[in-house]
Amino acid sequence: MPLKVYNSLTRQKEEFVPINAPYVGMYVCGPTVSGESHLGHARPYVTFDVLYRYLMQNGYKVRYVRNLTDAGHFEEEGREAEDKISKKAILEKLEPMELVQKYTNLYHWAMTRLNNLPPSIEPTATGHIIEQIEMIKTIIADGYAYVSNGSVYFDVEKYNTDYSKKGQPYGILSGRVLDDQLDTTRELDGQDEKKDKSDFALWKNAPPEHIMRWQSPWGEGFPGWHIECSAMSTKYLGEEFDIHGGGMDLQFPHHECEIAQSTVCNHKMPARYWMHNNMITINGRKMGKSYNNVIKLSELFSGAHPLLLQAYHPMTIRFFILQSHYRGTLDFSNEALQASEKALKRLMEAYEWIVIQSGVGGLESGVDKALDEKVLKLVGEFEEFMNDDLNTAKVVANMFELSSVINSIKDKHIANNALSSTTVGILQQQLKLYVEDILGLTNERANDDGKLDGVLQLLIDIRKEAKSRKDFVTSDKIRNELAALGVQLKDEKDGGVSYMIA
RNA sequence: GGUCCUGUGGCCGAGUGGCUAGGCAAAGCUCUGCAAAAGCUUCUACAGCGGUUCGAACCCGCUCGGGACCUCCA
């Protein structure tokens, strides 16, 4: 049962076969650290984190490269040749690198809270200026770029003409035909530097006020937007690697340009499998700066945003993302997030209970055969669903069905020995694998060295005593006031009491 | 204008030519000192209109609605 992933390049699901098993090279476009990450950013990083985890679980040795764009590029090509990062730095009266550091720290903090594993390499654009310049030199030498006024542009027309013959036209990834592109009515100055409107910058001449600038054979300037990913992916993953991921909005022009640049330099399509996650929407509209509808991750975690009815735990966000398929849009709403919060709580409670049980399950004989088979089927499908283009939504759905069974055993609605001990063992092991290691879901409970637990047990004991002498005023006071503090007590069937911290 | 995606029950979301996920919400029941939690049960949907088919939410066509990309973007 091989892993199949949807390849944007071929527009179909394909079996994943690494170029050089067991090694897998994976490149994912990281953020521009000129601002804080928002909910939309969480999606690719959670999605590809799950893929990373799953590949490793399957025995692959994965090198996961996720870049940090800290050099910025001009905001609107040809019009305002200004480095995005230095522009904002002036506004905030910060050194550009101070700004970069600040937002990098915030980004790392958010990634950690979302329980995304750090990538193997997190290269920065500013740390690879030399590699980028070298690559541009090669492209010029091959005749696919030209210098104009201290800037260097990629000759899209020529590339398209030559490489169409080799079956790799410009637009192969996004399905665009060069001539059908929209004729921008907008007046772009600097357009006259380019031979053709679809040409894109590899290197930009820096105007005097531009803070971030580097020496190059073409004068002082800064790299164009697309070249960093080509340079860094080539450097760390080679001329041809396995997976290239990112948001759907990067498919054109970013990834298209990457393909063109890398192909000219390395004479190879850089990546075999191109994977794109879809957007997170809000009221049906893509979340993005230009739409003015972003909710930053820090706001989500704290609840400090007019659109938010409450704070949402990072795990709730992660779970929210995992409940849908990565190639579909996912619509944000408080209602949806609240549903995820409750659902996750239910799932994790069942999970945590079953995983620490011993002595559940009976001998093969006397087992409820139908139920036993059902459980095995549900568990067995985890892999099947993951292999079907990472269908985490279905994996999660099965987990809920299993939760019902687990809770029934816990509440003794289903006999302790209804499942065979073998099946229970498999259930425990597979749940742990998928919940924690692959989906990366963790317990939300705060780590407090057990002190809080000690205090709560004391209160639980006092309440128990009160209940036994029918002093319900006292017992309800404890229960209700703890509830007001966000600690929910639960009376179990066997007379025990457990608690849950909201 | 070009390219493409999409419309599923109160809400979020899977899915596939026939077996009709899952979660949240709601209602009833069980349990409980009362609750909560948990369990059980109920709620059965696929924008509209045609067509293909023994059979379509799933395939095709049209209509209507929503969205993305073509510019920085996860």
# chains A, B, ... in the order shown; residues from 1 in each chain; ligands from 1
>>> select_by_dssp(residues="range 200-290 of chain A", states="strand (DSSP E)", output="short mmCIF file (atom, residue, chain, number, x, y, z; two decimals) with N, CA, C and O atoms, in the first residue's frame")
data_model
loop_
_atom_site.label_atom_id
_atom_site.label_comp_id
_atom_site.auth_asym_id
_atom_site.auth_seq_id
_atom_site.Cartn_x
_atom_site.Cartn_y
_atom_site.Cartn_z
N PHE A 200 11.05 38.39 -15.32
CA PHE A 200 11.08 38.69 -13.88
C PHE A 200 12.51 38.94 -13.44
O PHE A 200 13.47 38.50 -14.08
N ALA A 201 12.64 39.67 -12.35
CA ALA A 201 13.95 40.11 -11.89
C ALA A 201 14.71 39.01 -11.16
O ALA A 201 14.15 38.28 -10.34
N LEU A 202 15.97 38.88 -11.51
CA LEU A 202 16.86 37.99 -10.77
C LEU A 202 17.67 38.82 -9.78
O LEU A 202 18.01 38.37 -8.69
N TRP A 203 17.98 40.01 -10.21
CA TRP A 203 18.76 40.92 -9.38
C TRP A 203 18.26 42.34 -9.62
O TRP A 203 17.97 42.69 -10.76
N LYS A 204 18.11 43.09 -8.55
CA LYS A 204 17.63 44.45 -8.71
C LYS A 204 18.67 45.45 -8.27
O LYS A 204 19.27 45.33 -7.20
N ASN A 205 18.86 46.41 -9.12
CA ASN A 205 19.72 47.54 -8.80
C ASN A 205 19.10 48.28 -7.61
O ASN A 205 17.90 48.55 -7.60
N GLY A 221 23.10 45.97 -5.23
CA GLY A 221 21.69 45.65 -5.39
C GLY A 221 21.25 44.57 -4.43
O GLY A 221 21.89 44.32 -3.42
N PHE A 222 20.16 43.93 -4.80
CA PHE A 222 19.62 42.87 -3.94
C PHE A 222 18.94 41.82 -4.82
O PHE A 222 18.53 42.13 -5.94
N PRO A 223 18.84 40.61 -4.31
CA PRO A 223 18.32 39.53 -5.16
C PRO A 223 16.82 39.64 -5.41
O PRO A 223 16.09 40.19 -4.58
N PHE A 241 15.41 17.04 -6.56
CA PHE A 241 15.01 16.47 -5.27
C PHE A 241 13.56 16.02 -5.32
O PHE A 241 12.89 16.15 -6.34
N ASP A 242 13.08 15.48 -4.19
CA ASP A 242 11.80 14.78 -4.24
C ASP A 242 10.56 15.66 -4.16
O ASP A 242 9.72 15.63 -5.04
N ILE A 243 10.48 16.42 -3.08
CA ILE A 243 9.22 17.13 -2.83
C ILE A 243 9.45 18.63 -2.70
O ILE A 243 10.37 19.07 -2.00
N HIS A 244 8.62 19.38 -3.38
CA HIS A 244 8.63 20.82 -3.18
C HIS A 244 7.23 21.23 -2.76
O HIS A 244 6.27 20.96 -3.46
N GLY A 245 7.12 21.85 -1.61
CA GLY A 245 5.81 22.22 -1.11
C GLY A 245 5.66 23.71 -0.87
O GLY A 245 6.64 24.46 -0.88
N GLY A 246 4.42 24.09 -0.66
CA GLY A 246 4.12 25.49 -0.36
C GLY A 246 2.64 25.77 -0.57
O GLY A 246 1.89 24.88 -0.96
N GLY A 247 2.27 26.98 -0.30
CA GLY A 247 0.86 27.37 -0.49
C GLY A 247 0.51 27.47 -1.96
O GLY A 247 1.38 27.70 -2.81
N ALA A 271 12.21 19.57 -8.89
CA ALA A 271 11.56 18.64 -7.96
C ALA A 271 10.60 17.71 -8.69
O ALA A 271 10.02 18.06 -9.72
N ARG A 272 10.46 16.52 -8.13
CA ARG A 272 9.58 15.52 -8.74
C ARG A 272 8.13 15.75 -8.37
O ARG A 272 7.25 15.68 -9.20
N TYR A 273 7.90 15.98 -7.10
CA TYR A 273 6.52 16.14 -6.62
C TYR A 273 6.31 17.55 -6.09
O TYR A 273 7.00 17.98 -5.18
N TRP A 274 5.38 18.24 -6.72
CA TRP A 274 5.05 19.60 -6.26
C TRP A 274 3.73 19.52 -5.51
O TRP A 274 2.71 19.12 -6.07
N MET A 275 3.78 19.89 -4.25
CA MET A 275 2.56 19.79 -3.44
C MET A 275 2.15 21.16 -2.93
O MET A 275 2.97 21.91 -2.42
N HIS A 276 0.88 21.45 -3.08
CA HIS A 276 0.37 22.76 -2.67
C HIS A 276 -0.84 22.63 -1.76
O HIS A 276 -1.81 21.96 -2.11
N ASN A 277 -0.75 23.30 -0.64
CA ASN A 277 -1.91 23.33 0.24
C ASN A 277 -2.81 24.49 -0.17
O ASN A 277 -2.35 25.49 -0.69
N ILE A 280 -6.59 29.16 3.74
CA ILE A 280 -7.57 29.31 4.81
C ILE A 280 -8.36 30.57 4.48
O ILE A 280 -7.78 31.60 4.13
N THR A 281 -9.65 30.46 4.54
CA THR A 281 -10.49 31.60 4.20
C THR A 281 -11.21 32.11 5.44
O THR A 281 -11.33 31.41 6.44
N ILE A 282 -11.68 33.31 5.32
CA ILE A 282 -12.46 33.89 6.40
C ILE A 282 -13.66 34.56 5.75
O ILE A 282 -13.49 35.39 4.86
N ARG A 285 -13.39 34.26 2.08
CA ARG A 285 -12.37 35.00 1.36
C ARG A 285 -10.99 34.63 1.89
O ARG A 285 -10.82 34.45 3.10
N LYS A 286 -10.05 34.52 1.00
CA LYS A 286 -8.68 34.20 1.38
C LYS A 286 -8.15 35.14 2.45
O LYS A 286 -8.35 36.35 2.37
#
>>> residues_around(residues="C46 in chain B", least_positions_apart="2", cutoff="9 Å", atoms="only C-alpha atoms (C1' of nucleotides)", output="list in words")
U8, G9 and A57 of chain B
>>> write_last_selection(atoms="N, CA, C and O atoms (P, O5', C5', C4', C3', O3' and C1' of nucleotides)", output="CSV table (one decimal), in the first residue's frame")
chain,number,residue,atom,x,y,z
B,8,U,P,-22.2,23.6,0.2
B,8,U,O5',-22.9,22.3,0.8
B,8,U,C5',-24.1,21.8,0.2
B,8,U,C4',-24.2,20.4,0.5
B,8,U,C3',-24.2,20.1,2.0
B,8,U,O3',-25.5,20.3,2.6
B,8,U,C1',-22.8,18.6,0.9
B,9,G,P,-25.7,21.6,3.5
B,9,G,O5',-26.6,21.0,4.6
B,9,G,C5',-28.1,21.3,4.7
B,9,G,C4',-28.7,20.3,5.7
B,9,G,C3',-28.5,20.6,7.1
B,9,G,O3',-29.8,21.0,7.7
B,9,G,C1',-27.8,18.3,6.6
B,57,A,P,-28.4,11.5,-6.8
B,57,A,O5',-27.3,12.6,-7.0
B,57,A,C5',-27.5,13.9,-6.4
B,57,A,C4',-26.1,14.6,-6.1
B,57,A,C3',-24.9,14.1,-6.9
B,57,A,O3',-24.7,14.9,-8.0
B,57,A,C1',-24.5,13.9,-4.6
>>> closest_atom_pairs(of="chain A", to="chain B", cutoff="8 Å", atoms="only C-alpha atoms (C1' of nucleotides)", output="JSON lines")
{"residue": "A:Gly30", "atom": "CA", "partner": "B:A74", "partner_atom": "C1'", "distance": 7.9}
{"residue": "A:Pro31", "atom": "CA", "partner": "B:A74", "partner_atom": "C1'", "distance": 7.3}
{"residue": "A:Gly40", "atom": "CA", "partner": "B:A74", "partner_atom": "C1'", "distance": 5.9}
{"residue": "A:His41", "atom": "CA", "partner": "B:A74", "partner_atom": "C1'", "distance": 4.6}
{"residue": "A:Ala42", "atom": "CA", "partner": "B:A74", "partner_atom": "C1'", "distance": 7.5}
{"residue": "A:Arg43", "atom": "CA", "partner": "B:A74", "partner_atom": "C1'", "distance": 7.0}
{"residue": "A:Pro44", "atom": "CA", "partner": "B:A74", "partner_atom": "C1'", "distance": 5.9}
{"residue": "A:Glu75", "atom": "CA", "partner": "B:C72", "partner_atom": "C1'", "distance": 5.5}
{"residue": "A:Glu76", "atom": "CA", "partner": "B:U71", "partner_atom": "C1'", "distance": 6.5}
{"residue": "A:Glu77", "atom": "CA", "partner": "B:U71", "partner_atom": "C1'", "distance": 7.9}
{"residue": "A:Gly175", "atom": "CA", "partner": "B:U3", "partner_atom": "C1'", "distance": 6.7}
{"residue": "A:Arg176", "atom": "CA", "partner": "B:U3", "partner_atom": "C1'", "distance": 6.0}
{"residue": "A:Asp180", "atom": "CA", "partner": "B:G2", "partner_atom": "C1'", "distance": 5.1}
{"residue": "A:Gln181", "atom": "CA", "partner": "B:G2", "partner_atom": "C1'", "distance": 5.9}
{"residue": "A:Leu182", "atom": "CA", "partner": "B:C70", "partner_atom": "C1'", "distance": 6.0}
{"residue": "A:Gly246", "atom": "CA", "partner": "B:A74", "partner_atom": "C1'", "distance": 6.5}
{"residue": "A:Gly247", "atom": "CA", "partner": "B:A74", "partner_atom": "C1'", "distance": 4.6}
{"residue": "A:Met248", "atom": "CA", "partner": "B:A74", "partner_atom": "C1'", "distance": 7.7}
{"residue": "A:Asp249", "atom": "CA", "partner": "B:C73", "partner_atom": "C1'", "distance": 6.8}
{"residue": "A:Leu250", "atom": "CA", "partner": "B:C73", "partner_atom": "C1'", "distance": 7.5}
{"residue": "A:Phe252", "atom": "CA", "partner": "B:C69", "partner_atom": "C1'", "distance": 7.0}
{"residue": "A:Met279", "atom": "CA", "partner": "B:A74", "partner_atom": "C1'", "distance": 7.5}
{"residue": "A:Gly284", "atom": "CA", "partner": "B:G67", "partner_atom": "C1'", "distance": 7.1}
{"residue": "A:Arg285", "atom": "CA", "partner": "B:G67", "partner_atom": "C1'", "distance": 6.9}
{"residue": "A:Gly288", "atom": "CA", "partner": "B:C73", "partner_atom": "C1'", "distance": 7.0}
{"residue": "A:Lys289", "atom": "CA", "partner": "B:C73", "partner_atom": "C1'", "distance": 7.8}
{"residue": "A:Gln323", "atom": "CA", "partner": "B:G13", "partner_atom": "C1'", "distance": 7.3}
{"residue": "A:Ser324", "atom": "CA", "partner": "B:G13", "partner_atom": "C1'", "distance": 6.2}
{"residue": "A:His325", "atom": "CA", "partner": "B:A14", "partner_atom": "C1'", "distance": 7.9}
{"residue": "A:Glu335", "atom": "CA", "partner": "B:C11", "partner_atom": "C1'", "distance": 6.9}
{"residue": "A:Ala336", "atom": "CA", "partner": "B:C12", "partner_atom": "C1'", "distance": 5.0}
{"residue": "A:Gln338", "atom": "CA", "partner": "B:C24", "partner_atom": "C1'", "distance": 7.6}
{"residue": "A:Ala339", "atom": "CA", "partner": "B:C24", "partner_atom": "C1'", "distance": 4.4}
{"residue": "A:Ser340", "atom": "CA", "partner": "B:G23", "partner_atom": "C1'", "distance": 7.2}
{"residue": "A:Lys342", "atom": "CA", "partner": "B:C24", "partner_atom": "C1'", "distance": 7.6}
{"residue": "A:Ala343", "atom": "CA", "partner": "B:G23", "partner_atom": "C1'", "distance": 6.0}
{"residue": "A:Ala393", "atom": "CA", "partner": "B:A14", "partner_atom": "C1'", "distance": 6.2}
{"residue": "A:Lys394", "atom": "CA", "partner": "B:A14", "partner_atom": "C1'", "distance": 6.3}
{"residue": "A:Val396", "atom": "CA", "partner": "B:G22", "partner_atom": "C1'", "distance": 7.3}
{"residue": "A:Ala397", "atom": "CA", "partner": "B:G22", "partner_atom": "C1'", "distance": 4.2}
{"residue": "A:Asn398", "atom": "CA", "partner": "B:G22", "partner_atom": "C1'", "distance": 7.3}
{"residue": "A:Phe400", "atom": "CA", "partner": "B:G22", "partner_atom": "C1'", "distance": 6.9}
{"residue": "A:Glu401", "atom": "CA", "partner": "B:G22", "partner_atom": "C1'", "distance": 7.9}
{"residue": "A:Asn407", "atom": "CA", "partner": "B:A38", "partner_atom": "C1'", "distance": 6.5}
{"residue": "A:Ser408", "atom": "CA", "partner": "B:G39", "partner_atom": "C1'", "distance": 6.1}
{"residue": "A:Asp411", "atom": "CA", "partner": "B:A38", "partner_atom": "C1'", "distance": 6.7}
{"residue": "A:His413", "atom": "CA", "partner": "B:G39", "partner_atom": "C1'", "distance": 6.9}
{"residue": "A:Lys470", "atom": "CA", "partner": "B:G33", "partner_atom": "C1'", "distance": 7.6}
{"residue": "A:Phe472", "atom": "CA", "partner": "B:G33", "partner_atom": "C1'", "distance": 7.6}
{"residue": "A:Gln488", "atom": "CA", "partner": "B:A36", "partner_atom": "C1'", "distance": 7.7}
{"residue": "A:Leu489", "atom": "CA", "partner": "B:A36", "partner_atom": "C1'", "distance": 7.4}
{"residue": "A:Lys490", "atom": "CA", "partner": "B:A37", "partner_atom": "C1'", "distance": 5.6}
{"residue": "A:Asp491", "atom": "CA", "partner": "B:A37", "partner_atom": "C1'", "distance": 7.4}
>>> select_by_dssp(residues="range 236-450 of chain A", states="alpha helix (DSSP H)", output="MDAnalysis selection string")
chainID A and resid 236:237 256:266 297:302 314:322 334:355 369:387 392:410 421:431
>>> residues_around(residues="range 354-368 of chain A", least_positions_apart="4", cutoff="9 Å", atoms="only C-alpha atoms (C1' of nucleotides)", output="list in words")
Glu349, Ala350, Asp372, Glu373, Ile406, Asn407, Ile409, Lys410, Ala415, Asn416, Asn417, Ala418, Leu419, Ser420, Ser421, Thr422, Thr423, Val424, Gly425, Leu427, Gln428, Gln429, Leu431 and Lys432 of chain A
>>> atom_distance(atom1="CA of Ser475 in chain A", atom2="CA of Arg463 in chain A")
4.7 Å
>>> residues_around(residues="range 231-240 of chain A", least_positions_apart="5", cutoff="10 Å", atoms="only C-alpha atoms (C1' of nucleotides)", output="number ranges by chain")
A: 19, 24-29, 63-67, 121-125, 127-136, 226, 258, 261-263, 265-272
>>> write_last_selection(atoms="N, CA and C atoms", output="tab-separated table (two decimals), in the first residue's frame")
chain	number	residue	atom	x	y	z
A	19	ILE	N	13.81	9.55	-5.24
A	19	ILE	CA	14.86	9.43	-6.24
A	19	ILE	C	15.96	8.51	-5.73
A	24	VAL	N	15.13	11.26	1.41
A	24	VAL	CA	14.10	12.08	0.80
A	24	VAL	C	14.46	13.53	1.02
A	25	GLY	N	14.42	14.30	-0.06
A	25	GLY	CA	14.67	15.73	0.04
A	25	GLY	C	13.37	16.49	-0.10
A	26	MET	N	13.10	17.34	0.84
A	26	MET	CA	11.83	18.09	0.81
A	26	MET	C	12.10	19.57	1.07
A	27	TYR	N	11.60	20.39	0.17
A	27	TYR	CA	11.77	21.84	0.31
A	27	TYR	C	10.39	22.48	0.42
A	28	VAL	N	10.24	23.31	1.45
A	28	VAL	CA	8.96	24.02	1.63
A	28	VAL	C	9.27	25.51	1.75
A	29	CYS	N	8.53	26.31	1.00
A	29	CYS	CA	8.74	27.75	1.05
A	29	CYS	C	8.31	28.29	2.40
A	63	ARG	N	15.53	14.99	4.61
A	63	ARG	CA	16.12	16.31	4.86
A	63	ARG	C	15.06	17.33	4.47
A	64	TYR	N	14.60	18.02	5.49
A	64	TYR	CA	13.50	18.96	5.32
A	64	TYR	C	14.08	20.38	5.37
A	65	VAL	N	14.03	21.05	4.24
A	65	VAL	CA	14.57	22.40	4.16
A	65	VAL	C	13.41	23.40	4.05
A	66	ARG	N	13.39	24.34	4.96
A	66	ARG	CA	12.36	25.37	4.92
A	66	ARG	C	13.04	26.72	5.12
A	67	ASN	N	12.95	27.55	4.12
A	67	ASN	CA	13.74	28.79	4.15
A	67	ASN	C	13.06	29.91	4.94
A	121	ILE	N	17.08	21.96	7.96
A	121	ILE	CA	17.87	23.16	7.66
A	121	ILE	C	16.89	24.30	7.44
A	122	GLU	N	17.20	25.43	8.01
A	122	GLU	CA	16.36	26.62	7.82
A	122	GLU	C	17.24	27.74	7.29
A	123	PRO	N	17.53	27.71	6.01
A	123	PRO	CA	18.48	28.68	5.45
A	123	PRO	C	17.82	30.04	5.23
A	124	THR	N	18.61	31.08	5.29
A	124	THR	CA	18.10	32.43	5.07
A	124	THR	C	18.59	32.97	3.73
A	125	ALA	N	17.80	33.82	3.16
A	125	ALA	CA	18.16	34.42	1.87
A	125	ALA	C	19.42	35.27	2.00
A	127	GLY	N	21.82	34.87	3.91
A	127	GLY	CA	22.98	34.02	4.11
A	127	GLY	C	23.43	33.32	2.84
A	128	HIS	N	22.71	33.55	1.75
A	128	HIS	CA	23.03	32.85	0.50
A	128	HIS	C	23.06	33.78	-0.70
A	129	ILE	N	23.57	34.98	-0.45
A	129	ILE	CA	23.68	35.96	-1.54
A	129	ILE	C	24.67	35.47	-2.59
A	130	ILE	N	25.76	34.91	-2.12
A	130	ILE	CA	26.79	34.45	-3.05
A	130	ILE	C	26.27	33.36	-3.97
A	131	GLU	N	25.57	32.40	-3.38
A	131	GLU	CA	25.00	31.31	-4.18
A	131	GLU	C	24.02	31.87	-5.23
A	132	GLN	N	23.28	32.86	-4.81
A	132	GLN	CA	22.30	33.44	-5.72
A	132	GLN	C	23.00	34.17	-6.87
A	133	ILE	N	24.04	34.90	-6.53
A	133	ILE	CA	24.79	35.62	-7.57
A	133	ILE	C	25.41	34.62	-8.56
A	134	GLU	N	25.94	33.54	-8.02
A	134	GLU	CA	26.54	32.52	-8.88
A	134	GLU	C	25.51	31.94	-9.85
A	135	MET	N	24.35	31.72	-9.33
A	135	MET	CA	23.30	31.14	-10.15
A	135	MET	C	22.89	32.12	-11.26
A	136	ILE	N	22.78	33.36	-10.90
A	136	ILE	CA	22.41	34.38	-11.88
A	136	ILE	C	23.48	34.47	-12.98
A	226	HIS	N	12.51	35.23	-6.60
A	226	HIS	CA	12.43	33.77	-6.79
A	226	HIS	C	13.76	33.04	-6.66
A	258	GLU	N	10.88	29.52	-10.24
A	258	GLU	CA	11.89	28.64	-9.66
A	258	GLU	C	12.25	27.52	-10.64
A	261	GLN	N	14.38	28.95	-13.52
A	261	GLN	CA	15.76	29.27	-13.13
A	261	GLN	C	16.58	28.00	-12.91
A	262	SER	N	16.02	27.12	-12.12
A	262	SER	CA	16.76	25.90	-11.79
A	262	SER	C	17.00	25.04	-13.01
A	263	THR	N	16.01	25.01	-13.89
A	263	THR	CA	16.17	24.17	-15.07
A	263	THR	C	17.28	24.69	-15.97
A	265	CYS	N	19.87	26.37	-14.98
A	265	CYS	CA	21.16	26.14	-14.31
A	265	CYS	C	21.55	24.68	-14.25
A	266	ASN	N	20.58	23.84	-13.94
A	266	ASN	CA	20.90	22.44	-13.65
A	266	ASN	C	20.44	21.47	-14.73
A	267	HIS	N	19.74	21.99	-15.71
A	267	HIS	CA	19.24	21.17	-16.81
A	267	HIS	C	18.32	20.07	-16.34
A	268	LYS	N	17.61	20.37	-15.24
A	268	LYS	CA	16.69	19.37	-14.70
A	268	LYS	C	15.50	20.09	-14.07
A	269	MET	N	14.37	19.48	-14.17
A	269	MET	CA	13.22	19.92	-13.38
A	269	MET	C	13.62	19.72	-11.93
A	270	PRO	N	13.62	20.79	-11.12
A	270	PRO	CA	14.19	20.67	-9.77
A	270	PRO	C	13.53	19.63	-8.86
A	271	ALA	N	12.21	19.57	-8.89
A	271	ALA	CA	11.56	18.64	-7.96
A	271	ALA	C	10.60	17.71	-8.69
A	272	ARG	N	10.46	16.52	-8.13
A	272	ARG	CA	9.58	15.52	-8.74
A	272	ARG	C	8.13	15.75	-8.37
>>> closest_residue(among="A:Glu220, A:Asp453, A:Asp476, A:Glu384", to="Leu3 in chain A", atoms="only C-alpha atoms")
A:Glu384
>>> atom_distance(atom1="CA of Val177 in chain A", atom2="CA of Ser8 in chain A")
16.2 Å
>>> atom_distance(atom1="CA of Thr32 in chain A", atom2="CA of Ser230 in chain A")
15.8 Å
